[in-house]
$ cat upload-v3.csv   # CSV, C-alpha atoms
chain,number,residue,atom,x,y,z
A,1,MET,CA,4.1,-5.3,13.3
A,2,ASP,CA,6.0,-7.6,11.0
A,3,ASP,CA,4.3,-10.6,12.6
A,4,VAL,CA,0.8,-9.6,11.5
A,5,LEU,CA,-0.6,-10.5,8.1
A,6,ALA,CA,-3.6,-8.5,6.8
A,7,ILE,CA,-6.3,-9.9,4.6
A,8,ILE,CA,-8.7,-7.5,2.9
A,9,LEU,CA,-12.0,-9.0,1.6
A,10,GLY,CA,-13.0,-7.6,-1.7
A,11,GLY,CA,-16.6,-9.0,-1.4
A,12,GLY,CA,-18.8,-10.6,-4.1
A,13,ARG,CA,-20.4,-9.2,-7.1
A,14,GLY,CA,-21.2,-5.9,-5.3
A,15,THR,CA,-24.8,-5.9,-6.5
A,16,ARG,CA,-25.9,-3.4,-3.9
A,17,LEU,CA,-23.4,-0.9,-5.5
A,18,PHE,CA,-24.5,-1.6,-9.1
A,19,PRO,CA,-23.9,0.1,-11.5
A,20,LEU,CA,-20.7,1.4,-9.9
A,21,THR,CA,-19.6,-2.2,-9.9
A,22,LEU,CA,-20.6,-2.9,-13.5
A,23,LYS,CA,-17.0,-2.7,-14.6
A,24,ARG,CA,-15.0,-2.8,-11.4
A,25,SER,CA,-14.8,-4.7,-8.1
A,26,LYS,CA,-16.1,-3.1,-4.9
A,27,PRO,CA,-12.7,-2.2,-3.5
A,28,ALA,CA,-11.9,-0.3,-6.7
A,29,VAL,CA,-14.9,2.0,-6.5
A,30,PRO,CA,-13.7,5.6,-6.2
A,31,ILE,CA,-14.4,7.8,-3.1
A,32,GLY,CA,-13.6,11.3,-2.1
A,33,GLY,CA,-12.7,12.6,-5.5
A,34,LYS,CA,-9.3,11.0,-6.0
A,35,TYR,CA,-9.2,7.8,-3.8
A,36,ARG,CA,-10.6,4.3,-4.1
A,37,LEU,CA,-12.2,2.3,-1.3
A,38,ILE,CA,-9.3,-0.1,-1.2
A,39,ASP,CA,-7.0,2.8,-0.2
A,40,ILE,CA,-8.8,3.1,3.2
A,41,PRO,CA,-7.9,-0.3,4.8
A,42,ILE,CA,-4.5,-0.4,3.1
A,43,SER,CA,-3.7,3.0,4.4
A,44,ASN,CA,-4.9,2.0,7.9
A,45,CYS,CA,-2.5,-1.0,7.7
A,46,LEU,CA,0.5,1.1,6.5
A,47,ASN,CA,-0.1,3.7,9.2
A,48,ALA,CA,0.0,0.9,11.8
A,49,ASP,CA,3.1,-0.7,10.3
A,50,VAL,CA,1.2,-3.7,9.0
A,51,ARG,CA,2.9,-4.2,5.7
A,52,LYS,CA,2.0,-7.7,4.6
A,53,ILE,CA,-1.3,-7.4,2.9
A,54,PHE,CA,-3.5,-9.7,0.7
A,55,VAL,CA,-6.6,-8.4,-1.1
A,56,LEU,CA,-9.1,-11.2,-2.0
A,57,THR,CA,-11.4,-10.6,-4.9
A,58,GLN,CA,-13.2,-12.5,-7.7
A,59,PHE,CA,-15.2,-10.1,-9.9
A,60,ASN,CA,-14.0,-7.4,-12.3
A,61,SER,CA,-10.6,-7.3,-10.6
A,62,GLU,CA,-8.5,-5.8,-13.5
A,63,SER,CA,-8.8,-2.1,-12.4
A,64,LEU,CA,-8.1,-3.1,-8.8
A,65,ASN,CA,-5.0,-5.0,-9.9
A,66,LYS,CA,-3.8,-2.1,-11.9
A,67,HIS,CA,-4.4,0.4,-9.0
A,68,VAL,CA,-2.7,-1.7,-6.4
A,69,ALA,CA,0.3,-2.4,-8.7
A,70,GLN,CA,0.7,1.3,-9.6
A,71,THR,CA,0.2,2.6,-6.0
A,72,TYR,CA,1.7,0.3,-3.4
A,73,LYS,CA,5.3,-0.4,-4.3
A,74,PHE,CA,7.8,-1.5,-1.6
A,75,ASP,CA,11.6,-1.3,-2.0
A,76,VAL,CA,13.8,-4.4,-2.1
A,77,PHE,CA,14.9,-4.0,1.5
A,78,THR,CA,11.5,-4.7,3.0
A,79,SER,CA,9.4,-7.8,3.3
A,80,GLY,CA,6.2,-5.7,2.8
A,81,PHE,CA,3.8,-6.2,-0.1
A,82,VAL,CA,0.2,-5.6,-1.2
A,83,SER,CA,-1.0,-8.6,-3.4
A,84,VAL,CA,-4.3,-9.2,-5.0
A,85,LEU,CA,-5.5,-12.8,-4.9
A,86,ALA,CA,-8.5,-13.6,-7.2
A,87,ALA,CA,-10.6,-16.7,-7.0
A,88,GLU,CA,-9.0,-19.4,-9.0
A,89,GLN,CA,-9.6,-23.0,-10.1
A,90,THR,CA,-7.1,-25.4,-8.6
A,91,GLU,CA,-6.7,-29.2,-8.3
A,92,GLU,CA,-8.4,-28.9,-4.8
A,93,GLY,CA,-11.5,-27.1,-6.2
A,94,GLY,CA,-12.9,-24.6,-8.7
A,95,ASN,CA,-15.7,-22.9,-6.8
A,96,TRP,CA,-16.3,-19.2,-6.4
A,97,PHE,CA,-15.8,-17.9,-2.9
A,98,GLN,CA,-18.9,-18.9,-1.0
A,99,GLY,CA,-18.5,-16.3,1.8
A,100,THR,CA,-15.9,-14.3,3.7
A,101,ALA,CA,-14.4,-17.3,5.5
A,102,ASP,CA,-14.5,-19.4,2.4
A,103,ALA,CA,-12.5,-16.8,0.6
A,104,VAL,CA,-9.8,-16.9,3.2
A,105,ARG,CA,-9.9,-20.8,3.2
A,106,GLN,CA,-9.4,-21.0,-0.6
A,107,SER,CA,-6.5,-18.5,-0.4
A,108,LEU,CA,-4.7,-20.1,2.6
A,109,ARG,CA,-2.1,-21.9,0.4
A,110,HIS,CA,-0.8,-18.5,-0.7
A,111,MET,CA,-0.8,-17.1,2.8
A,112,ARG,CA,1.1,-20.1,4.2
A,113,ARG,CA,4.2,-18.9,2.3
A,114,THR,CA,4.2,-15.7,4.4
A,115,THR,CA,5.1,-15.6,8.1
A,116,GLY,CA,2.7,-14.0,10.6
A,117,ARG,CA,1.7,-14.7,14.2
A,118,ASP,CA,-1.7,-13.1,13.8
A,119,LEU,CA,-4.1,-12.7,10.9
A,120,LEU,CA,-6.1,-9.4,10.6
A,121,ILE,CA,-9.3,-9.8,8.5
A,122,LEU,CA,-10.6,-6.5,7.0
A,123,SER,CA,-13.4,-5.4,4.7
A,124,GLY,CA,-12.8,-3.6,1.4
A,125,ASP,CA,-15.9,-1.4,1.5
A,126,GLN,CA,-15.8,0.6,4.8
A,127,LEU,CA,-14.8,4.1,5.5
A,128,TYR,CA,-13.0,4.6,8.9
A,129,ASN,CA,-9.6,5.5,10.4
A,130,MET,CA,-8.5,2.9,13.0
A,131,ASP,CA,-5.1,2.3,14.5
A,132,TYR,CA,-4.9,-1.5,14.3
A,133,ARG,CA,-2.0,-1.4,16.8
A,134,GLU,CA,-4.5,-0.7,19.5
A,135,MET,CA,-6.6,-3.7,18.5
A,136,ILE,CA,-3.5,-5.9,18.3
A,137,ARG,CA,-2.7,-4.8,21.8
A,138,THR,CA,-6.2,-5.7,23.1
A,139,HIS,CA,-5.9,-9.1,21.4
A,140,ARG,CA,-2.5,-10.0,22.8
A,141,GLU,CA,-2.8,-8.6,26.3
A,142,SER,CA,-6.1,-10.4,26.8
A,143,GLY,CA,-4.7,-13.7,25.5
A,144,ALA,CA,-7.5,-13.9,23.0
A,145,ASP,CA,-7.8,-16.6,20.4
A,146,ALA,CA,-9.8,-14.1,18.3
A,147,THR,CA,-10.7,-10.4,18.6
A,148,VAL,CA,-13.6,-8.6,17.0
A,149,ALA,CA,-13.7,-4.9,16.5
A,150,VAL,CA,-17.0,-3.5,17.7
A,151,ILE,CA,-18.8,-0.2,17.7
A,152,PRO,CA,-21.8,1.1,19.8
A,153,VAL,CA,-25.0,1.4,17.7
A,154,ALA,CA,-28.4,2.8,18.4
A,155,PRO,CA,-31.2,0.2,19.2
A,156,ASP,CA,-33.1,1.1,16.0
A,157,GLN,CA,-30.0,0.1,13.9
A,158,ALA,CA,-29.0,-2.9,15.9
A,159,SER,CA,-31.0,-5.5,14.0
A,160,ALA,CA,-29.0,-4.7,10.8
A,161,PHE,CA,-25.7,-5.9,12.4
A,162,GLY,CA,-24.1,-8.8,14.2
A,163,ILE,CA,-24.7,-7.9,17.8
A,164,LEU,CA,-22.6,-9.3,20.6
A,165,LYS,CA,-22.7,-9.3,24.4
A,166,MET,CA,-19.5,-9.0,26.4
A,167,ASP,CA,-18.7,-9.5,30.0
A,168,GLY,CA,-16.8,-7.2,32.4
A,169,THR,CA,-13.4,-8.3,31.0
A,170,GLY,CA,-14.4,-7.6,27.4
A,171,ARG,CA,-14.8,-11.2,26.5
A,172,ILE,CA,-17.6,-12.0,24.1
A,173,VAL,CA,-20.1,-14.4,25.7
A,174,HIS,CA,-22.8,-14.3,23.0
A,175,PHE,CA,-23.0,-13.3,19.3
A,176,ASP,CA,-26.2,-12.9,17.4
A,177,GLU,CA,-26.2,-12.1,13.6
A,178,LYS,CA,-28.9,-9.5,12.8
A,179,PRO,CA,-31.1,-10.3,15.8
A,180,PRO,CA,-34.8,-9.5,15.8
A,181,ALA,CA,-36.0,-6.5,17.9
A,182,ASP,CA,-37.3,-8.8,20.7
A,183,ARG,CA,-33.8,-10.2,21.3
A,184,LEU,CA,-32.1,-6.9,21.7
A,185,PRO,CA,-32.8,-6.3,25.5
A,186,ALA,CA,-30.9,-9.5,26.3
A,187,LEU,CA,-27.9,-8.3,24.2
A,188,LEU,CA,-27.0,-5.1,26.1
A,189,SER,CA,-23.4,-4.8,27.2
A,190,ASP,CA,-21.7,-2.5,29.8
A,191,LEU,CA,-19.8,0.0,27.8
A,192,PRO,CA,-16.3,1.3,28.6
A,193,GLY,CA,-16.7,4.6,30.4
A,194,GLY,CA,-20.1,3.8,31.8
A,195,GLY,CA,-23.6,3.0,30.6
A,196,GLN,CA,-25.1,0.2,28.6
A,197,GLY,CA,-25.6,-0.2,24.9
A,198,HIS,CA,-25.6,-2.5,21.9
A,199,LEU,CA,-22.2,-3.4,20.4
A,200,ALA,CA,-22.1,-4.3,16.7
A,201,SER,CA,-19.4,-6.2,14.8
A,202,MET,CA,-17.5,-4.0,12.3
A,203,GLY,CA,-16.5,-7.0,10.3
A,204,ILE,CA,-12.9,-6.6,11.4
A,205,TYR,CA,-11.3,-9.6,13.0
A,206,LEU,CA,-7.9,-10.6,14.4
A,207,PHE,CA,-7.1,-14.3,14.9
A,208,LYS,CA,-4.2,-16.3,16.1
A,209,ARG,CA,-2.9,-18.0,13.0
A,210,GLU,CA,-3.3,-21.5,14.2
A,211,VAL,CA,-6.8,-20.8,15.6
A,212,LEU,CA,-8.0,-19.4,12.2
A,213,GLU,CA,-6.5,-22.4,10.3
A,214,GLN,CA,-8.3,-24.8,12.6
A,215,ALA,CA,-11.6,-23.0,12.2
A,216,LEU,CA,-11.3,-23.0,8.4
A,217,ALA,CA,-10.6,-26.7,8.3
A,218,SER,CA,-14.4,-27.1,8.6
A,219,PRO,CA,-16.0,-26.5,5.2
A,220,ARG,CA,-19.4,-25.8,6.9
A,221,LEU,CA,-18.0,-22.5,8.3
A,222,VAL,CA,-18.5,-20.3,5.2
A,223,ASP,CA,-18.9,-16.8,6.6
A,224,PHE,CA,-17.1,-15.1,9.6
A,225,GLY,CA,-20.2,-13.2,10.9
A,226,ARG,CA,-22.7,-16.1,10.5
A,227,HIS,CA,-20.5,-19.1,11.2
A,228,VAL,CA,-16.9,-18.7,12.4
A,229,ILE,CA,-17.4,-16.2,15.2
A,230,PRO,CA,-20.6,-17.7,16.6
A,231,ASP,CA,-18.9,-21.1,16.5
A,232,ALA,CA,-15.8,-19.8,18.3
A,233,VAL,CA,-17.6,-17.8,21.1
A,234,PRO,CA,-18.6,-20.7,23.4
A,235,ARG,CA,-15.4,-22.7,22.8
A,236,GLN,CA,-12.6,-20.2,22.7
A,237,ARG,CA,-11.7,-16.8,24.1
A,238,VAL,CA,-13.1,-14.2,21.7
A,239,GLN,CA,-12.4,-10.6,22.8
A,240,ALA,CA,-14.2,-7.4,21.9
A,241,HIS,CA,-12.2,-4.3,20.9
A,242,VAL,CA,-14.4,-1.3,21.3
A,243,TYR,CA,-13.9,1.4,18.7
A,244,ARG,CA,-15.3,4.9,19.2
A,245,GLY,CA,-14.5,6.7,16.0
A,246,TYR,CA,-16.3,7.3,12.7
A,247,TRP,CA,-17.2,4.1,10.8
A,248,GLU,CA,-19.4,3.7,7.8
A,249,ASP,CA,-20.2,0.6,5.7
A,250,VAL,CA,-20.4,2.0,2.2
A,251,GLY,CA,-21.8,-1.2,0.6
A,252,THR,CA,-25.0,0.3,-0.7
A,253,ILE,CA,-25.6,3.2,-3.2
A,254,GLN,CA,-27.3,5.3,-0.5
A,255,SER,CA,-24.6,4.8,2.1
A,256,TYR,CA,-21.9,5.4,-0.5
A,257,PHE,CA,-23.6,8.5,-1.7
A,258,GLN,CA,-24.1,10.0,1.7
A,259,ALA,CA,-20.6,9.2,2.9
A,260,ASN,CA,-19.1,11.1,-0.1
A,261,LEU,CA,-21.4,14.1,0.4
A,262,ALA,CA,-20.6,14.2,4.2
A,263,LEU,CA,-17.0,15.0,3.1
A,264,CYS,CA,-18.3,18.4,2.1
A,265,GLU,CA,-19.2,19.4,5.6
A,266,ALA,CA,-17.2,22.1,7.4
A,267,ILE,CA,-15.9,19.4,9.8
A,268,PRO,CA,-16.4,16.1,7.9
A,269,PRO,CA,-16.8,12.9,10.0
A,270,PHE,CA,-14.0,11.3,8.1
A,271,ASP,CA,-10.7,13.2,8.0
A,272,PHE,CA,-8.7,13.0,4.8
A,273,TYR,CA,-6.6,15.9,6.1
A,274,ASP,CA,-5.0,14.1,9.0
A,275,GLU,CA,-1.2,14.3,8.4
A,276,GLU,CA,-0.5,11.7,11.1
A,277,HIS,CA,-2.8,9.1,9.4
A,278,PRO,CA,-2.7,9.9,5.7
A,279,VAL,CA,-4.7,8.1,3.1
A,280,TYR,CA,-2.5,6.9,0.3
A,281,THR,CA,-3.5,6.5,-3.4
A,282,HIS,CA,-2.1,6.5,-6.9
A,283,ALA,CA,0.0,9.7,-7.6
A,284,ARG,CA,-1.2,11.1,-10.9
A,285,PHE,CA,0.8,14.4,-11.1
A,286,LEU,CA,-2.1,16.4,-12.3
A,287,PRO,CA,-2.2,20.2,-12.7
A,288,ALA,CA,-4.1,22.5,-10.4
A,289,SER,CA,-7.8,22.8,-11.1
A,290,LYS,CA,-8.8,25.8,-13.3
A,291,LEU,CA,-12.0,27.6,-12.3
A,292,GLU,CA,-13.4,30.5,-14.3
A,293,ARG,CA,-16.4,32.6,-13.0
A,294,CYS,CA,-17.6,29.7,-10.7
A,295,ASN,CA,-19.8,30.0,-7.6
A,296,ILE,CA,-18.9,27.1,-5.2
A,297,HIS,CA,-20.4,26.3,-1.8
A,298,ASN,CA,-19.4,23.3,0.4
A,299,ALA,CA,-17.6,21.3,-2.2
A,300,LEU,CA,-14.5,19.2,-2.8
A,301,ILE,CA,-12.7,20.0,-6.1
A,302,SER,CA,-10.1,17.5,-7.0
A,303,GLU,CA,-7.0,18.1,-9.1
A,304,GLY,CA,-7.0,18.7,-12.8
A,305,CYS,CA,-10.5,20.0,-13.2
A,306,ILE,CA,-11.6,22.6,-15.8
A,307,MET,CA,-14.8,24.5,-14.9
A,308,HIS,CA,-16.4,27.6,-16.6
A,309,GLY,CA,-19.2,29.5,-15.0
A,310,ALA,CA,-20.4,26.6,-12.9
A,311,GLU,CA,-22.6,26.8,-9.8
A,312,ILE,CA,-21.8,24.0,-7.4
A,313,ASP,CA,-23.4,23.4,-4.0
A,314,ARG,CA,-22.5,20.4,-1.8
A,315,ALA,CA,-20.8,18.2,-4.3
A,316,VAL,CA,-17.6,16.1,-4.7
A,317,VAL,CA,-15.9,16.8,-8.1
A,318,GLY,CA,-13.4,14.1,-9.1
A,319,ILE,CA,-10.1,14.3,-10.9
A,320,ARG,CA,-10.1,15.7,-14.5
A,321,SER,CA,-13.7,16.8,-14.4
A,322,ARG,CA,-14.7,19.1,-17.2
A,323,ILE,CA,-17.7,21.3,-16.5
A,324,GLY,CA,-19.2,23.6,-19.1
A,325,ASN,CA,-20.8,27.1,-18.9
A,326,ASP,CA,-23.8,27.8,-16.8
A,327,VAL,CA,-23.9,24.3,-15.3
A,328,ARG,CA,-25.6,23.8,-11.9
A,329,ILE,CA,-24.6,20.9,-9.7
A,330,ARG,CA,-26.2,20.2,-6.3
A,331,ASN,CA,-25.9,17.3,-3.9
A,332,SER,CA,-24.0,15.2,-6.4
A,333,LEU,CA,-20.9,13.2,-6.8
A,334,LEU,CA,-18.8,13.5,-10.0
A,335,ILE,CA,-16.2,10.7,-10.1
A,336,GLY,CA,-14.2,12.4,-12.8
A,337,ALA,CA,-12.3,11.1,-15.8
A,338,ASP,CA,-9.3,8.9,-16.7
A,339,PHE,CA,-8.1,11.2,-19.5
A,340,TYR,CA,-8.4,14.6,-21.1
A,341,GLU,CA,-9.9,15.0,-24.6
A,342,THR,CA,-8.1,17.3,-26.9
A,343,ILE,CA,-10.0,20.1,-28.7
A,344,ALA,CA,-9.9,18.0,-31.9
A,345,GLU,CA,-11.3,14.9,-30.1
A,346,MET,CA,-14.1,17.0,-28.6
A,347,GLU,CA,-15.0,18.4,-32.0
A,348,SER,CA,-14.9,15.0,-33.5
A,349,SER,CA,-17.3,13.6,-30.8
A,350,ILE,CA,-19.7,16.5,-31.4
A,351,ALA,CA,-19.6,15.9,-35.1
A,352,ARG,CA,-20.6,12.3,-34.5
A,353,GLY,CA,-23.5,13.4,-32.2
A,354,ILE,CA,-21.7,12.3,-29.0
A,355,PRO,CA,-21.1,14.8,-26.2
A,356,PRO,CA,-17.5,15.3,-25.0
A,357,VAL,CA,-16.4,13.8,-21.8
A,358,GLY,CA,-17.7,15.9,-18.9
A,359,ILE,CA,-20.8,18.0,-18.2
A,360,GLY,CA,-22.2,20.0,-21.1
A,361,SER,CA,-23.2,23.7,-20.9
A,362,LYS,CA,-26.5,24.7,-19.3
A,363,SER,CA,-27.1,21.3,-17.7
A,364,ILE,CA,-28.5,20.7,-14.2
A,365,ILE,CA,-27.3,17.8,-12.1
A,366,GLN,CA,-29.0,17.1,-8.7
A,367,ASN,CA,-28.9,14.1,-6.4
A,368,ALA,CA,-26.8,12.2,-8.8
A,369,ILE,CA,-23.6,10.1,-9.2
A,370,ILE,CA,-21.8,10.7,-12.5
A,371,ASP,CA,-19.2,7.9,-12.9
A,372,LYS,CA,-15.9,8.1,-14.7
A,373,ASN,CA,-15.6,9.2,-18.4
A,374,ALA,CA,-19.3,9.9,-18.6
A,375,ARG,CA,-20.5,12.2,-21.4
A,376,ILE,CA,-23.4,14.5,-20.4
A,377,GLY,CA,-24.7,16.7,-23.2
A,378,THR,CA,-25.9,20.3,-23.2
A,379,ASN,CA,-29.2,21.4,-21.7
A,380,VAL,CA,-29.5,18.1,-19.8
A,381,ARG,CA,-31.6,17.9,-16.6
A,382,LEU,CA,-30.8,15.1,-14.3
A,383,ILE,CA,-33.0,15.9,-11.3
A,384,ASN,CA,-35.5,13.1,-10.9
A,385,GLU,CA,-38.4,15.5,-10.3
A,386,ALA,CA,-40.9,12.5,-10.2
A,387,GLY,CA,-39.1,11.0,-7.3
A,388,VAL,CA,-38.6,7.6,-9.0
A,389,LYS,CA,-36.9,5.1,-6.7
A,390,GLU,CA,-35.7,2.4,-9.1
A,391,GLN,CA,-35.4,2.6,-12.9
A,392,ASP,CA,-33.1,1.6,-15.8
A,393,GLY,CA,-33.1,4.3,-18.4
A,394,ASN,CA,-31.2,5.1,-21.6
A,395,GLY,CA,-27.7,5.9,-20.4
A,396,TYR,CA,-28.6,6.1,-16.7
A,397,TYR,CA,-30.0,4.2,-13.8
A,398,ILE,CA,-31.9,5.2,-10.7
A,399,ARG,CA,-31.2,3.4,-7.5
A,400,GLU,CA,-32.7,4.4,-4.1
A,401,GLY,CA,-33.9,7.7,-5.8
A,402,ILE,CA,-30.3,8.6,-6.9
A,403,ILE,CA,-29.6,9.1,-10.6
A,404,ILE,CA,-26.5,7.2,-11.7
A,405,VAL,CA,-24.7,7.7,-15.0
A,406,PRO,CA,-22.4,4.6,-15.3
A,407,LYS,CA,-18.8,4.6,-16.3
A,408,ASN,CA,-18.4,5.6,-20.0
A,409,GLY,CA,-22.2,6.4,-20.0
A,410,VAL,CA,-23.6,8.8,-22.6
A,411,VAL,CA,-26.6,11.1,-21.9
A,412,PRO,CA,-27.5,13.1,-25.1
A,413,ASP,CA,-28.3,16.8,-25.4
A,414,ASN,CA,-31.6,18.0,-23.9
A,415,THR,CA,-32.3,14.8,-22.0
A,416,VAL,CA,-34.6,15.2,-19.0
A,417,VAL,CA,-34.8,12.7,-16.1
$ encode --input "upload-v3.csv" --output "structure tokens"
Amino acid sequence: MDDVLAIILGGGRGTRLFPLTLKRSKPAVPIGGKYRLIDIPISNCLNADVRKIFVLTQFNSESLNKHVAQTYKFDVFTSGFVSVLAAEQTEEGGNWFQGTADAVRQSLRHMRRTTGRDLLILSGDQLYNMDYREMIRTHRESGADATVAVIPVAPDQASAFGILKMDGTGRIVHFDEKPPADRLPALLSDLPGGGQGHLASMGIYLFKREVLEQALASPRLVDFGRHVIPDAVPRQRVQAHVYRGYWEDVGTIQSYFQANLALCEAIPPFDFYDEEHPVYTHARFLPASKLERCNIHNALISEGCIMHGAEIDRAVVGIRSRIGNDVRIRNSLLIGADFYETIAEMESSIARGIPPVGIGSKSIIQNAIIDKNARIGTNVRLINEAGVKEQDGNGYYIREGIIIVPKNGVVPDNTVV
């Protein structure tokens, strides 16, 4: 697949994932205890032998740059690369990316230096495992100018997506971005294998290079879903590639939270254990986790954790997490830590009235996201008993009913939320 160039869209400010995006870009948000969201599309590319990859971003890109540089290194005998392109001021213009298509338009001058017959456009905030070679085969065998990856969705979800209608050959004959309910009956398609249903765009596109460059020559086409694809459907051959596997857009706090907790199921919908389609990430060479007198049910425990007398039920515990005595954690995501504190450093923090990094003894964490390097004191109760939906507190936020302690956040001893 040396003639395919992949472009991963990092998205805008990531306000729907705030405060997880307070100090990082969306693709750099951790998932599954040890990975980052950007690892998903990059791993899908590498597993499909697509090895020329650009990542487009414009906000808080430092941690993403560092992760990509440390993780995805190719030897001198290959033309492969993973390169981050941030929005930049040039002689041609100095505007922020105005949409997904505009992001690609502003970055074309870098991509023109790289050969590629087709351009694969991907999102940086989705969880799925797709073999892009199958989509490329659909694209080329149909003679398509552009191909859209689509997935069947239930009627009650359809209005939240771009819904398309395809004919018997798989060609898209109509595309409607977030159609109202009264439009849905006219947008039914015959599904492969029988029956009818609504097909939603996954935000994954494959273009012939010259077709995409022609489309992006028009500055009025700012977004792929709202402009480029609807404009192309009546004039060019736009093909549907139907995907039947698990796919989740994790662009909101609720979807991100539920996608992580779903990994705790006996047979999770997304498989990080597939040896044929591994998910790559930065190798940290951490020691095994140390668990003393712990009671654990349906949880993922990442490397390098230290836990004493904890009770954990349906939780993802990230790398280097330190959990004190008699802590109870339920339905929660602990993203972990970037470093270990020494005993002397912990004693110094306590002397200054600051909890050590981790979860202090006798604390209860429920329906919460604890971001990296957070300091939770002793006897803390983060449970949201009042059922608050939205709130900004002292050292925490509540979004969609979920308590979030931000990166480097501090929650003092005896705090109750």
$ closest_residue --input "upload-v3.csv" --among "A:Thr115, A:Ser321, A:Ser201, A:Thr57" --to "A:Ser289" --atoms "only C-alpha atoms"
A:Ser321
$ residues_around --input "upload-v3.csv" --residues "A:Leu188" --least-positions-apart "2" --cutoff "12 Å" --atoms "all atoms listed in the file" --output "PyMOL selection string"
chain A and resi 152-155+158+163-167+172-176+183-186+190-191+195-200
$ residues_near_point --input "upload-v3.csv" --point "(-11.8, 15.8, -13.5)" --cutoff "10 Å" --atoms "only C-alpha atoms" --output "list in words"
Gly33, Lys34, Leu286, Ser289, Ile301, Ser302, Glu303, Gly304, Cys305, Ile306, Met307, Val317, Gly318, Ile319, Arg320, Ser321, Arg322, Ile323, Leu334, Ile335, Gly336, Ala337, Asp338, Phe339, Tyr340, Val357, Gly358, Lys372 and Asn373 of chain A
$ write_last_selection --input "upload-v3.csv" --atoms "C-alpha atoms" --output "PDB file, in the frame of the given file"
ATOM      1  CA  GLY A  33     -12.700  12.600  -5.500  1.00  0.00           C
ATOM      2  CA  LYS A  34      -9.300  11.000  -6.000  1.00  0.00           C
ATOM      3  CA  LEU A 286      -2.100  16.400 -12.300  1.00  0.00           C
ATOM      4  CA  SER A 289      -7.800  22.800 -11.100  1.00  0.00           C
ATOM      5  CA  ILE A 301     -12.700  20.000  -6.100  1.00  0.00           C
ATOM      6  CA  SER A 302     -10.100  17.500  -7.000  1.00  0.00           C
ATOM      7  CA  GLU A 303      -7.000  18.100  -9.100  1.00  0.00           C
ATOM      8  CA  GLY A 304      -7.000  18.700 -12.800  1.00  0.00           C
ATOM      9  CA  CYS A 305     -10.500  20.000 -13.200  1.00  0.00           C
ATOM     10  CA  ILE A 306     -11.600  22.600 -15.800  1.00  0.00           C
ATOM     11  CA  MET A 307     -14.800  24.500 -14.900  1.00  0.00           C
ATOM     12  CA  VAL A 317     -15.900  16.800  -8.100  1.00  0.00           C
ATOM     13  CA  GLY A 318     -13.400  14.100  -9.100  1.00  0.00           C
ATOM     14  CA  ILE A 319     -10.100  14.300 -10.900  1.00  0.00           C
ATOM     15  CA  ARG A 320     -10.100  15.700 -14.500  1.00  0.00           C
ATOM     16  CA  SER A 321     -13.700  16.800 -14.400  1.00  0.00           C
ATOM     17  CA  ARG A 322     -14.700  19.100 -17.200  1.00  0.00           C
ATOM     18  CA  ILE A 323     -17.700  21.300 -16.500  1.00  0.00           C
ATOM     19  CA  LEU A 334     -18.800  13.500 -10.000  1.00  0.00           C
ATOM     20  CA  ILE A 335     -16.200  10.700 -10.100  1.00  0.00           C
ATOM     21  CA  GLY A 336     -14.200  12.400 -12.800  1.00  0.00           C
ATOM     22  CA  ALA A 337     -12.300  11.100 -15.800  1.00  0.00           C
ATOM     23  CA  ASP A 338      -9.300   8.900 -16.700  1.00  0.00           C
ATOM     24  CA  PHE A 339      -8.100  11.200 -19.500  1.00  0.00           C
ATOM     25  CA  TYR A 340      -8.400  14.600 -21.100  1.00  0.00           C
ATOM     26  CA  VAL A 357     -16.400  13.800 -21.800  1.00  0.00           C
ATOM     27  CA  GLY A 358     -17.700  15.900 -18.900  1.00  0.00           C
ATOM     28  CA  LYS A 372     -15.900   8.100 -14.700  1.00  0.00           C
ATOM     29  CA  ASN A 373     -15.600   9.200 -18.400  1.00  0.00           C
TER      30      ASN A 373
END
$ closest_residue --input "upload-v3.csv" --among "A:Asp156, A:Glu385, A:Glu400, A:Asp371" --to "A:Gln254" --atoms "only C-alpha atoms"
A:Glu400
$ residues_around --input "upload-v3.csv" --residues "A:Gly124" --least-positions-apart "2" --cutoff "12 Å" --atoms "only C-alpha atoms" --output "compact mmCIF listing (two decimals) with C-alpha atoms, keeping the file's coordinate frame"
# COMPACT_ATOMS: atom_id res chain seq x y z
CA ALA A 6 -3.60 -8.50 6.80
CA ILE A 7 -6.30 -9.90 4.60
CA ILE A 8 -8.70 -7.50 2.90
CA LEU A 9 -12.00 -9.00 1.60
CA GLY A 10 -13.00 -7.60 -1.70
CA GLY A 11 -16.60 -9.00 -1.40
CA GLY A 12 -18.80 -10.60 -4.10
CA GLY A 14 -21.20 -5.90 -5.30
CA SER A 25 -14.80 -4.70 -8.10
CA LYS A 26 -16.10 -3.10 -4.90
CA PRO A 27 -12.70 -2.20 -3.50
CA ALA A 28 -11.90 -0.30 -6.70
CA VAL A 29 -14.90 2.00 -6.50
CA PRO A 30 -13.70 5.60 -6.20
CA ARG A 36 -10.60 4.30 -4.10
CA LEU A 37 -12.20 2.30 -1.30
CA ILE A 38 -9.30 -0.10 -1.20
CA ASP A 39 -7.00 2.80 -0.20
CA ILE A 40 -8.80 3.10 3.20
CA PRO A 41 -7.90 -0.30 4.80
CA ILE A 42 -4.50 -0.40 3.10
CA SER A 43 -3.70 3.00 4.40
CA ASN A 44 -4.90 2.00 7.90
CA PHE A 54 -3.50 -9.70 0.70
CA VAL A 55 -6.60 -8.40 -1.10
CA LEU A 56 -9.10 -11.20 -2.00
CA THR A 57 -11.40 -10.60 -4.90
CA LEU A 64 -8.10 -3.10 -8.80
CA THR A 100 -15.90 -14.30 3.70
CA ILE A 121 -9.30 -9.80 8.50
CA LEU A 122 -10.60 -6.50 7.00
CA GLN A 126 -15.80 0.60 4.80
CA LEU A 127 -14.80 4.10 5.50
CA TYR A 128 -13.00 4.60 8.90
CA MET A 202 -17.50 -4.00 12.30
CA GLY A 203 -16.50 -7.00 10.30
CA ILE A 204 -12.90 -6.60 11.40
CA GLU A 248 -19.40 3.70 7.80
CA ASP A 249 -20.20 0.60 5.70
CA VAL A 250 -20.40 2.00 2.20
CA GLY A 251 -21.80 -1.20 0.60
